[in-house]
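Take a look at the structure set out below.
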Amino acid sequence: MLIKRRRAWEIPEHLATPESVFLSRRALLGGAAGLAAGSLVAPRALLAAEGGLYPAPRNPAYTLDRAVTPERFSGDYNNFYEFGTSKSVLPAANALKTSPWTVKIDGLVEKPFEIGVEDLIRKVGLEERLYRHRCVEAWSMAVPWTGFPLSKLVALAKPAAGAQYVQFQTFLDKSMAPGQRSFFYPWPYLEGLTMAEAGNDLAFLVTGVYGKPLPNQFGAPIRLAVPWKYGFKSIKSIVKVSFTAERPKTFWEGLQAAEYGFWANVNPAVPHPRWSQATERVLGTNERVPTLIYNGYGDQVADLYKGLEKERLFV
Ligand SMILES: Nc1nc2c(c(=O)[nH]1)N[C@H]1C(S)=C(S)[C@@H](COP(=O)(O)O)O[C@H]1N2
Ligand SMILES: [Mo]
């Protein structure tokens, strides 16, 4: 018997949507007279009726060329070195205490401040975006992140004229995170972007995934998603955002500068010193697919690198 099998990327958009999000979105749209499909603003009363902020309305501008990775694959295959170097950090990450959680904003800003994650969310609002994620180890996934553009946090921070970089820092707590007891690593995990990168609409601060608050192993309660760069730039469990004049010395750069640079933009033509980046293994499938320049986001980000051709932009 001949069975026509669809390729992963051929499945209809509503099937690529996690069930919970799709069903509640339908209820939301069905119940709201005058709420246009695709509208980003849901009436307050309806949100309250849903019991909170998740699932957030999906921003239809961000589409995928492949199916969403089911959570059973992406949620049990994580890099979170604070909780160990294996991919199965889920049980260990239970120890991460995510509430209360405040984020400190400091450095070259009008006035440093601290803000609780929940207050921050209420100030900026949430939306859902489908993003690809490409790890430098050559595995990839596609996930529905919930969050808000990093540019909204930058606007709240009111950076001074001299600010050229945004630096992000993960918590430091050896009692909670056994990985941080290892002296081999330059804790705390640190990452950075240029101000121009931070202002790009794709740079996204994430507080949820699959239509609910972030499970710990994904970097709760707030992490970054910069989908045109290798996954290690997408720092988890952020406690501090600093505006600086100097380029931040990032965690992986401190560990192995020749292999993990500051820019780390995805490029299939530029191999990692120890392996090719030409293709990627899609979590939850048996497929290897070609990797795309800037992970497929070149139209939105290539201009950021004009005039920077002398920099080591890709590894
Ligand atoms: N604080 C912190 N952030 C981190 C990491 C980490 O070990 N610690 N790993 C990075 C790497 S290498 C990748 S690929 C992604 C993995 O995100 P995921 O586990 O949600 O898929 O998180 C990044 N952010
Ligand atoms: Mo990674």
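Chain labels run A, B, ... following the order of the structure tokens; each chain numbers its residues from 1, and ligands are numbered from 1 in the order shown.
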- Excluding same-chain residues fewer than 3 positions from range 226-229 of chain A, what lies within 6 Å of it counting only C-alpha atoms, as a PyMOL selection string? chain A and resi 133+203+234+264-266+294-295+297
Please extract the residues of range 42-237 of chain A with a backbone DSSP assignment of strand (DSSP E) and present them as a PyMOL selection string. chain A and resi 102-107+113-116+127-134+139-149+165-170+190-194+204-209+212-213+223-225
Near range 177-189 of chain A, 6 Å: range 36-134 of chain A residue rows, closest pairs, only C-alpha atoms, as JSON lines:
```
{"residue": "A:Tyr81", "atom": "CA", "partner": "A:Gly179", "partner_atom": "CA", "distance": 5.9}
{"residue": "A:Glu82", "atom": "CA", "partner": "A:Gly179", "partner_atom": "CA", "distance": 4.3}
{"residue": "A:Phe83", "atom": "CA", "partner": "A:Gly179", "partner_atom": "CA", "distance": 4.9}
{"residue": "A:Gly84", "atom": "CA", "partner": "A:Gly179", "partner_atom": "CA", "distance": 5.1}
```
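You can rank A:Glu197, A:Glu137, A:Glu110, A:Glu118 by their closest distance to ligand 2 using only C-alpha atoms and all ligand atoms, and at the top of that list sits A:Glu137.
CA of Glu71 in chain A is positioned 16.1 Å from CA of Tyr54 in chain A.
Distance check against Phe148 in chain A using only C-alpha atoms: of A:Gly107, A:Thr207, A:Cys135, A:Glu114, the minimum falls on A:Thr207.
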Could you give me the residues within range 42-278 of chain A that DSSP places in alpha helix (DSSP H), as a compact mmCIF listing (two decimals) with C-alpha atoms, in the first residue's frame?
```txt
# COMPACT_ATOMS: atom_id res chain seq x y z
CA ARG A 44 -8.13 42.18 29.40
CA ALA A 45 -11.22 40.34 30.59
CA LEU A 46 -10.50 37.39 28.34
CA LEU A 47 -6.92 37.16 29.53
CA ALA A 48 -8.14 37.20 33.10
CA ALA A 49 -10.67 34.48 32.26
CA GLU A 71 8.16 19.46 24.08
CA ARG A 72 9.01 15.86 24.95
CA PHE A 73 12.12 16.26 22.79
CA SER A 74 13.14 19.88 23.42
CA LEU A 90 15.73 18.46 33.78
CA PRO A 91 15.74 16.73 37.22
CA ALA A 92 18.69 18.78 38.53
CA ALA A 93 17.11 22.03 37.33
CA VAL A 117 10.13 39.60 36.59
CA GLU A 118 6.35 39.69 37.06
CA ASP A 119 6.33 43.50 37.23
CA LEU A 120 8.48 43.61 34.13
CA ILE A 121 6.09 41.32 32.25
CA ARG A 122 3.08 43.43 33.22
CA LYS A 123 4.88 46.55 32.00
CA VAL A 124 5.89 45.22 28.59
CA LEU A 150 14.60 43.01 24.12
CA SER A 151 14.24 46.54 22.71
CA LYS A 152 11.41 47.12 25.22
CA LEU A 153 13.78 46.47 28.11
CA VAL A 154 16.42 48.69 26.51
CA ALA A 155 13.83 51.48 26.31
CA LEU A 156 12.95 51.05 30.01
CA ALA A 157 16.66 51.12 30.91
CA MET A 195 23.35 47.86 21.03
CA ALA A 196 22.41 47.49 17.36
CA GLU A 197 21.84 43.76 17.80
CA ALA A 198 19.85 44.34 20.97
CA GLY A 199 17.66 46.79 19.07
CA PHE A 251 31.44 32.75 29.24
CA TRP A 252 32.36 30.57 26.27
CA GLU A 253 34.91 33.05 24.99
CA GLY A 254 36.59 32.97 28.39
CA LEU A 255 36.67 29.20 28.23
CA GLN A 256 37.72 28.62 24.63
```
Closest pair table for chain A residues within 9 Å of ligand 1, only C-alpha atoms and all ligand atoms, as a tab-separated table:
```
residue	atom	partner	partner_atom_place_in_ligand_line	distance
A:Ser74	CA	ligand 1	21 (O)	6.2
A:Gly75	CA	ligand 1	19 (O)	7.3
A:Asp76	CA	ligand 1	19 (O)	8.2
A:Tyr77	CA	ligand 1	19 (O)	6.4
A:Asn78	CA	ligand 1	19 (O)	3.3
A:Asn79	CA	ligand 1	9 (N)	4.4
A:Phe80	CA	ligand 1	7 (O)	3.4
A:Tyr81	CA	ligand 1	7 (O)	3.7
A:Glu82	CA	ligand 1	8 (N)	5.9
A:Phe83	CA	ligand 1	7 (O)	8.0
A:Gly84	CA	ligand 1	7 (O)	8.3
A:Thr85	CA	ligand 1	7 (O)	7.8
A:Lys87	CA	ligand 1	19 (O)	8.0
A:Val89	CA	ligand 1	19 (O)	8.8
A:His133	CA	ligand 1	21 (O)	7.5
A:Arg134	CA	ligand 1	14 (S)	6.8
A:Cys135	CA	ligand 1	14 (S)	4.2
A:Val136	CA	ligand 1	14 (S)	6.8
A:Glu137	CA	ligand 1	14 (S)	7.6
A:Trp139	CA	ligand 1	14 (S)	8.3
A:Ser140	CA	ligand 1	14 (S)	8.3
A:Met141	CA	ligand 1	21 (O)	7.6
A:Gln169	CA	ligand 1	1 (N)	7.8
A:Thr170	CA	ligand 1	1 (N)	5.2
A:Phe171	CA	ligand 1	1 (N)	7.8
A:Pro188	CA	ligand 1	1 (N)	7.7
A:Tyr189	CA	ligand 1	1 (N)	5.1
A:Leu190	CA	ligand 1	1 (N)	7.4
A:Glu191	CA	ligand 1	3 (N)	8.6
A:Gln217	CA	ligand 1	19 (O)	6.3
A:Phe218	CA	ligand 1	20 (O)	3.9
A:Gly219	CA	ligand 1	20 (O)	6.4
A:Arg223	CA	ligand 1	3 (N)	7.7
A:Leu224	CA	ligand 1	24 (N)	7.9
A:Ala225	CA	ligand 1	22 (O)	8.7
A:Tyr230	CA	ligand 1	14 (S)	7.0
A:Gly231	CA	ligand 1	14 (S)	3.8
A:Phe232	CA	ligand 1	11 (C)	3.7
A:Lys233	CA	ligand 1	23 (C)	6.2
A:Ser234	CA	ligand 1	24 (N)	4.8
A:Ile235	CA	ligand 1	3 (N)	3.8
A:Lys236	CA	ligand 1	3 (N)	3.9
A:Ser237	CA	ligand 1	1 (N)	6.0
A:Ile238	CA	ligand 1	1 (N)	7.4
A:Phe251	CA	ligand 1	8 (N)	9.0
A:Trp252	CA	ligand 1	12 (S)	8.9
```
Write to file, as a tab-separated table (two decimals), in the first residue's frame, the residues of the selection just made, with N, CA and C atoms.
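Now in again_12.tsv:
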```tsv
chain	number	residue	atom	x	y	z
A	74	SER	N	12.38	18.66	23.09
A	74	SER	CA	13.14	19.88	23.42
A	74	SER	C	13.28	20.08	24.93
A	75	GLY	N	12.33	19.53	25.69
A	75	GLY	CA	12.30	19.76	27.13
A	75	GLY	C	13.15	18.78	27.92
A	76	ASP	N	13.73	17.82	27.24
A	76	ASP	CA	14.60	16.86	27.93
A	76	ASP	C	15.91	16.68	27.17
A	77	TYR	N	16.33	17.74	26.54
A	77	TYR	CA	17.60	17.75	25.81
A	77	TYR	C	18.08	19.18	25.85
A	78	ASN	N	18.73	19.54	26.96
A	78	ASN	CA	19.04	20.95	27.21
A	78	ASN	C	20.51	21.15	27.52
A	79	ASN	N	20.98	22.34	27.22
A	79	ASN	CA	22.28	22.77	27.70
A	79	ASN	C	22.05	23.79	28.80
A	80	PHE	N	22.46	23.44	30.00
A	80	PHE	CA	22.31	24.33	31.15
A	80	PHE	C	23.39	23.89	32.14
A	81	TYR	N	24.62	24.36	31.85
A	81	TYR	CA	25.80	23.84	32.54
A	81	TYR	C	25.78	24.09	34.04
A	82	GLU	N	24.98	25.06	34.48
A	82	GLU	CA	24.84	25.29	35.92
A	82	GLU	C	24.32	24.03	36.61
A	83	PHE	N	23.63	23.17	35.85
A	83	PHE	CA	23.03	21.96	36.44
A	83	PHE	C	23.66	20.69	35.89
A	84	GLY	N	24.82	20.81	35.28
A	84	GLY	CA	25.53	19.64	34.79
A	84	GLY	C	25.80	19.74	33.30
A	85	THR	N	26.72	18.91	32.84
A	85	THR	CA	27.15	19.03	31.45
A	85	THR	C	26.43	18.04	30.54
A	87	LYS	N	22.89	16.41	28.72
A	87	LYS	CA	21.69	17.02	28.15
A	87	LYS	C	20.47	16.81	29.06
A	89	VAL	N	19.40	17.65	32.07
A	89	VAL	CA	19.50	18.48	33.28
A	89	VAL	C	18.14	18.71	33.92
A	133	HIS	N	16.06	27.43	16.59
A	133	HIS	CA	17.18	27.52	17.53
A	133	HIS	C	18.24	26.56	17.03
A	134	ARG	N	19.46	27.06	16.85
A	134	ARG	CA	20.54	26.24	16.28
A	134	ARG	C	21.72	26.25	17.25
A	135	CYS	N	21.99	25.10	17.86
A	135	CYS	CA	23.14	24.98	18.78
A	135	CYS	C	24.39	24.77	17.95
A	136	VAL	N	25.51	25.31	18.45
A	136	VAL	CA	26.80	25.17	17.77
A	136	VAL	C	27.23	23.69	17.69
A	137	GLU	N	26.60	22.84	18.53
A	137	GLU	CA	26.90	21.40	18.47
A	137	GLU	C	26.20	20.73	17.29
A	139	TRP	N	22.80	20.53	16.61
A	139	TRP	CA	21.41	20.09	16.74
A	139	TRP	C	20.53	21.34	16.71
A	140	SER	N	19.26	21.15	16.37
A	140	SER	CA	18.38	22.31	16.29
A	140	SER	C	16.97	21.94	16.71
A	141	MET	N	16.19	22.98	16.95
A	141	MET	CA	14.78	22.78	17.31
A	141	MET	C	14.00	24.00	16.83
A	169	GLN	N	23.85	38.55	32.55
A	169	GLN	CA	24.48	37.65	33.51
A	169	GLN	C	23.45	36.70	34.12
A	170	THR	N	23.85	35.44	34.23
A	170	THR	CA	23.02	34.42	34.89
A	170	THR	C	23.27	34.48	36.40
A	171	PHE	N	22.33	33.96	37.18
A	171	PHE	CA	22.49	33.88	38.65
A	171	PHE	C	23.79	33.15	39.02
A	188	PRO	N	29.89	33.64	36.85
A	188	PRO	CA	28.60	33.24	36.29
A	188	PRO	C	28.61	33.31	34.76
A	189	TYR	N	27.69	32.56	34.14
A	189	TYR	CA	27.50	32.59	32.69
A	189	TYR	C	27.23	34.03	32.28
A	190	LEU	N	27.89	34.47	31.22
A	190	LEU	CA	27.80	35.85	30.80
A	190	LEU	C	27.68	35.90	29.28
A	191	GLU	N	26.87	36.78	28.78
A	191	GLU	CA	26.73	36.95	27.33
A	191	GLU	C	26.59	38.42	27.00
A	217	GLN	N	14.36	23.97	33.16
A	217	GLN	CA	15.51	23.56	32.34
A	217	GLN	C	15.68	24.44	31.10
A	218	PHE	N	14.64	25.18	30.72
A	218	PHE	CA	14.74	26.10	29.57
A	218	PHE	C	15.33	27.45	29.97
A	219	GLY	N	15.61	27.64	31.27
A	219	GLY	CA	16.23	28.90	31.68
A	219	GLY	C	15.27	29.86	32.35
A	223	ARG	N	15.00	34.31	29.97
A	223	ARG	CA	16.22	34.02	29.20
A	223	ARG	C	16.10	34.76	27.87
A	224	LEU	N	17.22	34.72	27.15
A	224	LEU	CA	17.28	35.41	25.87
A	224	LEU	C	17.05	34.42	24.73
A	225	ALA	N	16.54	34.89	23.60
A	225	ALA	CA	16.54	34.11	22.36
A	225	ALA	C	17.03	35.03	21.24
A	230	TYR	N	24.37	31.24	17.25
A	230	TYR	CA	24.43	29.93	17.88
A	230	TYR	C	23.82	30.00	19.27
A	231	GLY	N	23.24	28.87	19.68
A	231	GLY	CA	22.42	28.81	20.89
A	231	GLY	C	23.08	29.31	22.15
A	232	PHE	N	24.41	29.23	22.23
A	232	PHE	CA	25.05	29.63	23.50
A	232	PHE	C	24.91	31.12	23.78
A	233	LYS	N	24.57	31.92	22.74
A	233	LYS	CA	24.33	33.35	22.97
A	233	LYS	C	23.01	33.57	23.74
A	234	SER	N	22.11	32.58	23.66
A	234	SER	CA	20.78	32.73	24.27
A	234	SER	C	20.84	32.36	25.75
A	235	ILE	N	21.38	33.24	26.53
A	235	ILE	CA	21.66	33.03	27.95
A	235	ILE	C	20.38	32.82	28.76
A	236	LYS	N	20.50	31.92	29.75
A	236	LYS	CA	19.34	31.53	30.57
A	236	LYS	C	19.35	32.20	31.95
A	237	SER	N	18.20	32.22	32.57
A	237	SER	CA	18.04	32.62	33.98
A	237	SER	C	18.83	33.89	34.30
A	238	ILE	N	18.44	34.96	33.63
A	238	ILE	CA	19.16	36.24	33.71
A	238	ILE	C	18.83	37.00	34.99
A	251	PHE	N	31.12	34.02	28.55
A	251	PHE	CA	31.44	32.75	29.24
A	251	PHE	C	32.23	31.80	28.34
A	252	TRP	N	31.71	31.54	27.15
A	252	TRP	CA	32.36	30.57	26.27
A	252	TRP	C	33.65	31.12	25.67
```
request  = Calculate how many Å separate CA of Leu130 in chain A from CA of Val68 in chain A, rounding to one decimal.
outcome  =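 CA of Val68 in chain A lies 7.8 Å from CA of Leu130 in chain A.
Of the listed residues A:Phe113, A:Phe204, A:Gln300, A:Tyr260, the one whose atoms come nearest to ligand 2 is A:Tyr260, with distances taken using only C-alpha atoms and all ligand atoms.
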Can you work out the spacing between CA of Ser175 in chain A and CA of Leu214 in chain A in Å, to one decimal?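 Atom-to-atom, CA of Ser175 in chain A and CA of Leu214 in chain A are spaced 21.6 Å apart.
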From the list A:Thr63, A:Asn216, A:Pro221, A:Thr194, the nearest residue to Pro100 in chain A using only C-alpha atoms is A:Pro221
